[in-house]
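Listing of query_16.cif; format and content: mmCIF, C-alpha atoms.
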data_my_file
loop_
_atom_site.label_atom_id
_atom_site.label_comp_id
_atom_site.auth_asym_id
_atom_site.auth_seq_id
_atom_site.Cartn_x
_atom_site.Cartn_y
_atom_site.Cartn_z
CA MET A 1 -7.82 8.33 8.07
CA PHE A 2 -8.37 5.23 5.96
CA ALA A 3 -11.01 3.95 3.57
CA ILE A 4 -11.60 1.09 1.15
CA PHE A 5 -12.28 1.77 -2.52
CA GLU A 6 -14.53 -0.86 -4.07
CA ILE A 7 -14.18 -1.92 -7.70
CA GLY A 8 -16.85 0.62 -8.69
CA GLY A 9 -14.88 3.43 -7.10
CA SER A 10 -17.18 4.01 -4.10
CA PRO A 11 -15.42 4.38 -0.72
CA THR A 12 -16.45 2.49 2.41
CA SER A 13 -15.15 2.61 5.96
CA TYR A 14 -12.11 0.55 6.90
CA VAL A 15 -12.31 -1.74 9.93
CA PRO A 16 -9.05 -3.34 11.14
CA GLY A 17 -8.74 -7.00 10.27
CA VAL A 18 -11.56 -7.23 7.74
CA PHE A 19 -9.88 -5.79 4.64
CA ARG A 20 -9.50 -9.08 2.79
CA ASP A 21 -9.46 -12.43 4.51
CA ARG A 22 -5.75 -12.62 5.29
CA LYS A 23 -6.10 -14.61 8.52
CA VAL A 24 -3.90 -12.05 10.29
CA ALA A 25 -4.40 -11.24 13.96
CA LYS A 26 -6.05 -7.88 14.53
CA ILE A 27 -3.90 -5.09 15.89
CA SER A 28 -6.60 -3.93 18.28
CA LYS A 29 -10.30 -4.27 19.00
CA ALA A 30 -10.97 -0.72 17.81
CA SER A 31 -13.89 -0.38 15.42
CA SER A 32 -12.02 1.89 13.02
CA VAL A 33 -8.48 2.87 12.12
CA GLU A 34 -9.34 6.49 12.84
CA ALA A 35 -9.80 5.52 16.48
CA VAL A 36 -6.50 3.65 16.42
CA GLY A 37 -4.69 6.62 14.94
CA HIS A 38 -6.05 9.21 17.37
CA LYS A 39 -6.06 7.11 20.55
CA GLU A 40 -3.22 4.64 20.47
CA GLN A 41 -3.82 1.30 22.17
CA PRO A 42 -1.00 -0.84 23.62
CA PHE A 43 0.43 -2.93 20.82
CA HIS A 44 3.25 -5.42 20.60
CA PRO A 45 4.19 -6.94 17.22
CA GLN A 46 4.41 -10.70 17.13
CA SER A 47 7.78 -12.07 18.20
CA ARG A 48 8.41 -13.84 14.93
CA SER A 49 10.75 -12.03 12.56
CA SER A 50 9.05 -10.06 9.82
CA SER A 51 9.88 -6.94 7.84
CA GLN A 52 6.50 -5.43 8.75
CA ALA A 53 7.04 -5.92 12.49
CA GLU A 54 10.55 -4.52 12.28
CA LEU A 55 9.27 -1.50 10.37
CA TYR A 56 6.60 -0.83 12.99
CA GLU A 57 9.16 -1.00 15.79
CA GLN A 58 11.34 1.49 13.93
CA VAL A 59 8.38 3.82 13.47
CA GLN A 60 7.59 3.57 17.19
CA ALA A 61 11.12 4.61 18.07
CA PHE A 62 11.00 7.41 15.51
CA SER A 63 7.64 8.70 16.76
CA GLN A 64 8.93 8.83 20.33
CA SER A 65 12.07 10.73 19.32
CA ALA A 66 10.82 13.06 16.58
CA SER A 67 9.68 16.50 17.67
CA THR A 68 6.90 16.68 15.08
CA SER A 69 4.11 14.30 14.07
CA LEU A 70 4.42 13.34 10.43
CA VAL A 71 1.38 12.58 8.31
CA ALA A 72 0.84 11.04 4.88
CA ARG A 73 1.27 14.30 2.96
CA ASP A 74 4.76 14.67 4.48
CA ILE A 75 6.11 11.27 3.45
CA MET A 76 4.19 10.19 0.34
CA SER A 77 5.79 9.85 -3.10
CA SER A 78 4.13 12.01 -5.73
CA PRO A 79 3.22 12.09 -8.59
CA VAL A 80 2.15 8.46 -8.90
CA ALA A 81 2.69 6.21 -11.91
CA THR A 82 -0.58 4.43 -12.75
CA LEU A 83 -2.00 2.09 -15.34
CA PRO A 84 -5.51 1.77 -16.78
CA LEU A 85 -7.48 -1.39 -16.10
CA THR A 86 -7.23 -2.19 -19.81
CA ALA A 87 -3.41 -2.23 -19.85
CA SER A 88 -1.67 -5.41 -20.94
CA LEU A 89 0.74 -7.52 -18.92
CA ALA A 90 3.49 -6.42 -21.28
CA GLN A 91 2.75 -2.74 -20.57
CA ALA A 92 2.77 -3.40 -16.84
CA TRP A 93 6.14 -5.16 -17.05
CA GLU A 94 7.56 -2.21 -18.99
CA LEU A 95 6.44 0.18 -16.26
CA VAL A 96 7.86 -2.02 -13.51
CA LYS A 97 11.20 -2.35 -15.30
CA GLY A 98 11.36 1.36 -16.07
CA THR A 99 10.47 2.60 -12.60
CA ARG A 100 11.35 -0.34 -10.33
CA LEU A 101 7.94 -0.03 -8.73
CA HIS A 102 6.55 -2.94 -6.74
CA HIS A 103 2.98 -1.64 -6.50
CA ILE A 104 0.99 0.13 -9.22
CA PRO A 105 -2.38 1.84 -8.66
CA ILE A 106 -4.90 0.86 -11.32
CA GLN A 107 -7.50 3.31 -12.61
CA SER A 108 -10.71 3.00 -14.60
CA ARG A 109 -11.33 4.79 -17.89
CA GLU A 110 -12.77 7.64 -15.85
CA GLY A 111 -9.62 7.92 -13.74
CA THR A 112 -11.13 6.33 -10.63
CA LEU A 113 -8.87 4.23 -8.45
CA VAL A 114 -10.16 0.65 -8.76
CA GLY A 115 -7.31 -1.66 -7.75
CA MET A 116 -3.64 -2.35 -7.13
CA LEU A 117 -1.21 -4.43 -9.14
CA SER A 118 1.95 -5.75 -7.52
CA ASP A 119 5.01 -7.31 -9.09
CA ARG A 120 3.82 -10.59 -7.56
CA ASP A 121 0.51 -10.22 -9.39
CA LEU A 122 2.44 -9.69 -12.61
CA SER A 123 4.55 -12.77 -11.98
CA ARG A 124 1.38 -14.78 -11.38
CA GLY A 125 -0.03 -13.62 -14.71
CA THR A 126 3.16 -14.55 -16.50
CA ILE A 127 3.27 -17.99 -14.86
CA ASP A 128 -0.36 -18.57 -15.85
CA SER A 129 0.54 -17.90 -19.47
CA ILE A 130 3.51 -20.28 -19.31
CA LEU A 131 1.39 -23.04 -17.77
CA ALA A 132 -1.12 -22.51 -20.55
CA GLY A 133 1.67 -23.08 -23.06
CA LYS A 134 1.67 -19.43 -24.14
CA SER A 135 4.73 -17.37 -23.40
CA GLY A 136 6.68 -14.50 -24.85
CA SER A 137 6.15 -10.75 -25.04
CA ALA A 138 3.86 -11.06 -28.07
CA TYR A 139 1.38 -13.09 -26.05
CA LEU A 140 1.62 -10.79 -23.02
CA ASP A 141 0.68 -7.89 -25.28
CA HIS A 142 -2.78 -9.42 -25.66
CA VAL A 143 -3.46 -10.29 -22.01
CA THR A 144 -4.96 -7.55 -19.86
CA ILE A 145 -3.97 -7.00 -16.26
CA GLU A 146 -7.61 -6.99 -15.10
CA PRO A 147 -7.72 -10.64 -13.86
CA TYR A 148 -4.64 -10.02 -11.73
CA VAL A 149 -5.56 -6.66 -10.18
CA SER A 150 -6.25 -6.77 -6.43
CA HIS A 151 -9.37 -5.01 -5.20
CA PRO A 152 -10.88 -3.44 -3.22
CA VAL A 153 -8.16 -0.88 -2.47
CA LEU A 154 -7.18 0.29 0.99
CA VAL A 155 -6.31 4.01 0.89
CA ALA A 156 -5.09 6.63 3.35
CA THR A 157 -6.07 10.27 3.63
CA LEU A 158 -3.55 13.08 3.64
CA ASP A 159 -3.75 13.48 7.41
CA ALA A 160 -3.17 9.81 8.30
CA THR A 161 -0.32 9.64 10.81
CA LEU A 162 2.94 7.84 10.19
CA GLN A 163 2.37 5.43 13.07
CA ALA A 164 -1.20 4.63 11.96
CA ILE A 165 0.03 3.90 8.43
CA ALA A 166 2.77 1.61 9.74
CA ARG A 167 0.23 -0.28 11.85
CA VAL A 168 -2.09 -0.79 8.88
CA LEU A 169 0.77 -2.03 6.68
CA LEU A 170 1.65 -4.49 9.42
CA GLU A 171 -1.89 -5.68 10.08
CA GLU A 172 -2.86 -6.13 6.46
CA ARG A 173 0.57 -7.32 5.34
CA ILE A 174 0.65 -4.94 2.41
CA GLY A 175 3.72 -3.18 1.08
CA ALA A 176 2.19 0.13 0.01
CA ILE A 177 -0.92 2.25 0.36
CA PRO A 178 -2.30 4.94 -2.00
CA VAL A 179 -3.05 8.39 -0.60
CA VAL A 180 -6.19 10.23 -1.73
CA SER A 181 -7.37 13.82 -1.47
CA PRO A 182 -10.65 14.89 0.19
CA ASP A 183 -12.13 14.59 -3.34
CA LYS A 184 -11.00 10.93 -3.45
CA GLU A 185 -8.38 11.68 -6.11
CA LEU A 186 -5.10 9.77 -6.08
CA VAL A 187 -2.38 12.17 -4.95
CA GLY A 188 0.42 9.94 -3.67
CA MET A 189 1.71 6.55 -2.56
CA ILE A 190 3.41 5.42 0.61
CA SER A 191 5.51 2.27 0.66
CA ARG A 192 7.68 0.74 3.34
CA SER A 193 10.64 2.25 1.49
CA ASP A 194 9.14 5.75 1.84
CA ILE A 195 8.74 5.25 5.59
CA LEU A 196 12.30 3.98 5.99
CA ARG A 197 13.59 6.92 3.93
CA VAL A 198 11.95 9.35 6.35
CA ILE A 199 13.29 7.51 9.38
CA VAL A 200 16.94 7.30 8.29
CA SER A 201 16.95 10.93 7.13
CA HIS A 202 15.98 12.17 10.60
CA PRO A 203 18.88 14.17 12.15
CA ASN A 204 18.76 12.13 15.38
CA PHE A 205 18.60 8.75 13.66
CA GLU A 206 21.91 7.48 15.07
CA GLN A 207 20.82 8.27 18.61
CA TRP A 208 17.84 5.92 18.64
CA ALA A 209 18.34 3.47 15.78
#
Would you write out, as structure tokens, the structure that this file holds?
Amino acid sequence: MFAIFEIGGSPTSYVPGVFRDRKVAKISKASSVEAVGHKEQPFHPQSRSSSQAELYEQVQAFSQSASTSLVARDIMSSPVATLPLTASLAQAWELVKGTRLHHIPIQSREGTLVGMLSDRDLSRGTIDSILAGKSGSAYLDHVTIEPYVSHPVLVATLDATLQAIARVLLEERIGAIPVVSPDKELVGMISRSDILRVIVSHPNFEQWA
């Protein structure tokens, strides 16, 4: 249900807890997220308050109450706004301001998904320019986003379950995950906001929330 896209665009298998060195406790000892998604293991989010843990608990309640099992294709946002790897910081800021996106998939010249750019990444790029004594939109026009793009990219397939997606967002502490087709083409995005939108729109929401 999940894979990792390297900078060259080639997919590799995803193993919980090893996508980036985030020093986050593993959700389970399963060798793959596919196993986690199809055979749920007992899991209890850490007691400390966090938006990811709260989201997972809400998804658990939803999954137990909903009569159908939702998958990525049911909840993803599509089409997806993207940027090329050669885009400037100024272009990225314009897209963020125009769409209020917090996560932007980045593609190569060939249209291959090669990274993700968050609003935090953009802020880091802007701060770097200020610390270097170079600020203003004119300067940002000449700085590419490439040094600030996060890669590799963790992606979900169209049949990834809602609960599996929530668990991955919690484990990896990421706010969104791209969805790809069987041909590895970008077809959608799922953020925590998309998951919450599905939950609160459920007709029985008030009975279990």
Within 9 Å of segment 73-79 of chain A, which residues of segment 143-170 of chain A show up? Give each one with its shortest atom-to-atom distance in Å (one decimal) and the two atoms involved, counting only C-alpha atoms, rows by chain then rising residue number, as a tab-separated table.
residue	atom	partner	partner_atom	distance
A:Thr157	CA	A:Arg73	CA	8.4
A:Leu158	CA	A:Arg73	CA	5.0
A:Asp159	CA	A:Arg73	CA	6.8
A:Ala160	CA	A:Arg73	CA	8.3
A:Leu162	CA	A:Ile75	CA	8.2
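Taking atom CA of Val180 of chain A and atom CA of Glu94 of chain A as the two end points, the separation is 25.3 Å.
Counting all atoms listed in the file, the residue from A:Ile4, A:Val187, A:Ala53, A:Val114 that sits nearest to Ala81 of chain A is A:Val187.
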request  = For Thr126 of chain A, work out the shell of residues within 8 Å, counting only C-alpha atoms and skipping chain neighbours fewer than 3 positions away, then give it as an MDAnalysis selection string.
outcome  = chainID A and resid 89 122:123 129:130 135 140
query = Taking (-13.3, 7.5, -16.3) in the file's coordinates, which residues come within 12 Å, counting all atoms listed in the file, written as a ChimeraX atom specification?
reply = /A:8-9,84-86,106-114
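Reported to one decimal place, the separation of atom CA of Val143 of chain A from atom CA of Val179 of chain A is 28.4 Å.
One finds atom CA of Ile195 of chain A at 23.7 Å from atom CA of Leu83 of chain A.
Proximity to Pro152 of chain A was assessed for A:Ala166, A:Met116, A:Leu101, A:Ala87 counting all atoms listed in the file; the smallest distance is recorded for A:Met116.
Taken over the whole file, the PyMOL selection byres ((chain A and resi 155) around 6) covers exactly Phe2, Ala3, Leu154, Ala156, Ile177, Pro178 and Val179 of chain A.
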Deliver the residues from the most recent selection as a file, using C-alpha atoms, as a PDB file, in the coordinates of the input.
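Result file follows (out.pdb):
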ATOM      1  CA  PHE A   2      -8.370   5.230   5.960  1.00  0.00           C
ATOM      2  CA  ALA A   3     -11.010   3.950   3.570  1.00  0.00           C
ATOM      3  CA  LEU A 154      -7.180   0.290   0.990  1.00  0.00           C
ATOM      4  CA  ALA A 156      -5.090   6.630   3.350  1.00  0.00           C
ATOM      5  CA  ILE A 177      -0.920   2.250   0.360  1.00  0.00           C
ATOM      6  CA  PRO A 178      -2.300   4.940  -2.000  1.00  0.00           C
ATOM      7  CA  VAL A 179      -3.050   8.390  -0.600  1.00  0.00           C
TER       8      VAL A 179
END
